[in-house]
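Structure data (PDB, C-alpha atoms) from input.pdb:
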ATOM      1  CA  MET A   1     -27.133  85.210  65.594  1.00  0.00           C
ATOM      2  CA  GLN A   2     -30.437  83.694  66.567  1.00  0.00           C
ATOM      3  CA  PHE A   3     -31.525  82.544  69.978  1.00  0.00           C
ATOM      4  CA  LYS A   4     -34.738  81.226  71.416  1.00  0.00           C
ATOM      5  CA  LEU A   5     -35.664  80.894  75.039  1.00  0.00           C
ATOM      6  CA  LYS A   6     -38.650  79.236  76.581  1.00  0.00           C
ATOM      7  CA  TRP A   7     -40.571  81.287  79.105  1.00  0.00           C
ATOM      8  CA  TRP A   8     -39.273  79.282  82.067  1.00  0.00           C
ATOM      9  CA  GLN A   9     -35.662  79.628  80.873  1.00  0.00           C
ATOM     10  CA  LEU A  10     -36.056  83.388  80.683  1.00  0.00           C
ATOM     11  CA  LEU A  11     -37.631  83.354  84.143  1.00  0.00           C
ATOM     12  CA  CYS A  12     -34.623  81.455  85.533  1.00  0.00           C
ATOM     13  CA  TYR A  13     -32.236  83.926  83.882  1.00  0.00           C
ATOM     14  CA  GLU A  14     -34.101  86.956  85.197  1.00  0.00           C
ATOM     15  CA  THR A  15     -34.271  85.498  88.703  1.00  0.00           C
ATOM     16  CA  ALA A  16     -30.511  84.948  88.674  1.00  0.00           C
ATOM     17  CA  VAL A  17     -29.826  88.492  87.468  1.00  0.00           C
ATOM     18  CA  ILE A  18     -32.184  90.019  90.044  1.00  0.00           C
ATOM     19  CA  SER A  19     -30.596  87.942  92.811  1.00  0.00           C
ATOM     20  CA  LEU A  20     -27.132  89.055  91.777  1.00  0.00           C
ATOM     21  CA  GLY A  21     -28.265  92.680  91.731  1.00  0.00           C
ATOM     22  CA  ILE A  22     -29.692  92.399  95.241  1.00  0.00           C
ATOM     23  CA  ILE A  23     -26.480  90.826  96.531  1.00  0.00           C
ATOM     24  CA  ILE A  24     -24.317  93.517  94.938  1.00  0.00           C
ATOM     25  CA  GLY A  25     -26.614  96.281  96.174  1.00  0.00           C
ATOM     26  CA  ALA A  26     -26.589  94.914  99.711  1.00  0.00           C
ATOM     27  CA  PHE A  27     -22.822  94.624 100.015  1.00  0.00           C
ATOM     28  CA  TRP A  28     -21.677  97.665  98.045  1.00  0.00           C
ATOM     29  CA  SER A  29     -24.513 100.134  98.523  1.00  0.00           C
ATOM     30  CA  ASP A  30     -22.208 103.027  99.480  1.00  0.00           C
ATOM     31  CA  PHE A  31     -20.185 102.698  96.287  1.00  0.00           C
ATOM     32  CA  PHE A  32     -23.165 102.426  93.936  1.00  0.00           C
ATOM     33  CA  SER A  33     -25.203 105.204  95.554  1.00  0.00           C
ATOM     34  CA  ASP A  34     -22.999 107.759  93.774  1.00  0.00           C
ATOM     35  CA  TYR A  35     -23.989 106.267  90.395  1.00  0.00           C
ATOM     36  CA  LEU A  36     -27.705 105.750  91.013  1.00  0.00           C
ATOM     37  CA  TYR A  37     -29.006 107.866  88.112  1.00  0.00           C
ATOM     38  CA  LEU A  38     -26.477 106.407  85.682  1.00  0.00           C
ATOM     39  CA  LEU A  39     -27.461 102.865  86.681  1.00  0.00           C
ATOM     40  CA  ILE A  40     -31.165 103.649  86.274  1.00  0.00           C
ATOM     41  CA  PHE A  41     -30.469 105.045  82.803  1.00  0.00           C
ATOM     42  CA  VAL A  42     -28.427 101.978  81.795  1.00  0.00           C
ATOM     43  CA  PHE A  43     -31.169  99.696  83.111  1.00  0.00           C
ATOM     44  CA  ALA A  44     -33.857 101.539  81.152  1.00  0.00           C
ATOM     45  CA  VAL A  45     -31.921 101.613  77.868  1.00  0.00           C
ATOM     46  CA  PHE A  46     -30.693  98.024  77.909  1.00  0.00           C
ATOM     47  CA  GLY A  47     -33.953  96.696  79.340  1.00  0.00           C
ATOM     48  CA  ALA A  48     -35.907  98.335  76.540  1.00  0.00           C
ATOM     49  CA  TYR A  49     -33.455  96.952  73.987  1.00  0.00           C
ATOM     50  CA  ILE A  50     -33.808  93.397  75.297  1.00  0.00           C
ATOM     51  CA  LEU A  51     -37.597  93.702  75.335  1.00  0.00           C
ATOM     52  CA  TYR A  52     -37.462  94.919  71.746  1.00  0.00           C
ATOM     53  CA  LEU A  53     -35.325  91.945  70.693  1.00  0.00           C
ATOM     54  CA  LEU A  54     -37.581  89.446  72.420  1.00  0.00           C
ATOM     55  CA  THR A  55     -40.757  90.939  70.954  1.00  0.00           C
ATOM     56  CA  GLN A  56     -39.235  90.733  67.477  1.00  0.00           C
ATOM     57  CA  GLN A  57     -39.010  86.960  67.881  1.00  0.00           C
ATOM     58  CA  ILE A  58     -42.720  86.789  68.699  1.00  0.00           C
ATOM     59  CA  GLY A  59     -43.867  88.951  65.760  1.00  0.00           C
ATOM     60  CA  PRO A  60     -44.763  87.649  62.300  1.00  0.00           C
TER      61      PRO A  60
END
Render the structure in this file as structure tokens.
Amino acid sequence: MQFKLKWWQLLCYETAVISLGIIIGAFWSDFFSDYLYLLIFVFAVFGAYILYLLTQQIGP
């Protein structure tokens, strides 16, 4: 599988994901507060993985 995104397409995607996260956090903050450390861990692992994949497309 190969995919390519332009910088503005990635910016639109990230803005949508951030907006969704803010909406979910605002409405269900009591539920997600119990899983804060797990969510931070998932964010760090998957965020690093996505950054790795995108940087591999830039490399030689």
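With CA of Leu39 in chain A on one side and CA of Leu51 in chain A on the other, the separation reads 17.8 Å.
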Item checked: Minimum-distance residue to Leu10 in chain A, chosen among A:Leu54, A:Val42, A:Ala26, A:Ala48 (using all atoms listed in the file) ->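 The closest residue to Leu10 in chain A is A:Leu54.
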Is it possible to get the axis-aligned box enclosing range 40-49 of chain A (all listed atoms, 6 Å extra per side) as AutoDock Vina command-line options, with centre and edge lengths in Å rounded to one decimal?
--center_x -32.2 --center_y 100.9 --center_z 80.1 --size_x 19.5 --size_y 20.3 --size_z 24.3
Checklist line | Best match for closeness to Gly21 in chain A among A:Phe43, A:Tyr37, A:Tyr52, A:Trp7, counting all atoms listed in the file | finding: A:Phe43
Note to self: For a test of reading the model, state the distance in Å between CA of Gln57 in chain A and CA of Phe3 in chain A, rounded to one decimal.
What the structure shows: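 Rounded to one decimal, the two atoms are 8.9 Å apart.
From CA of Ser33 in chain A back to CA of Gly47 in chain A, the distance works out to 20.3 Å.
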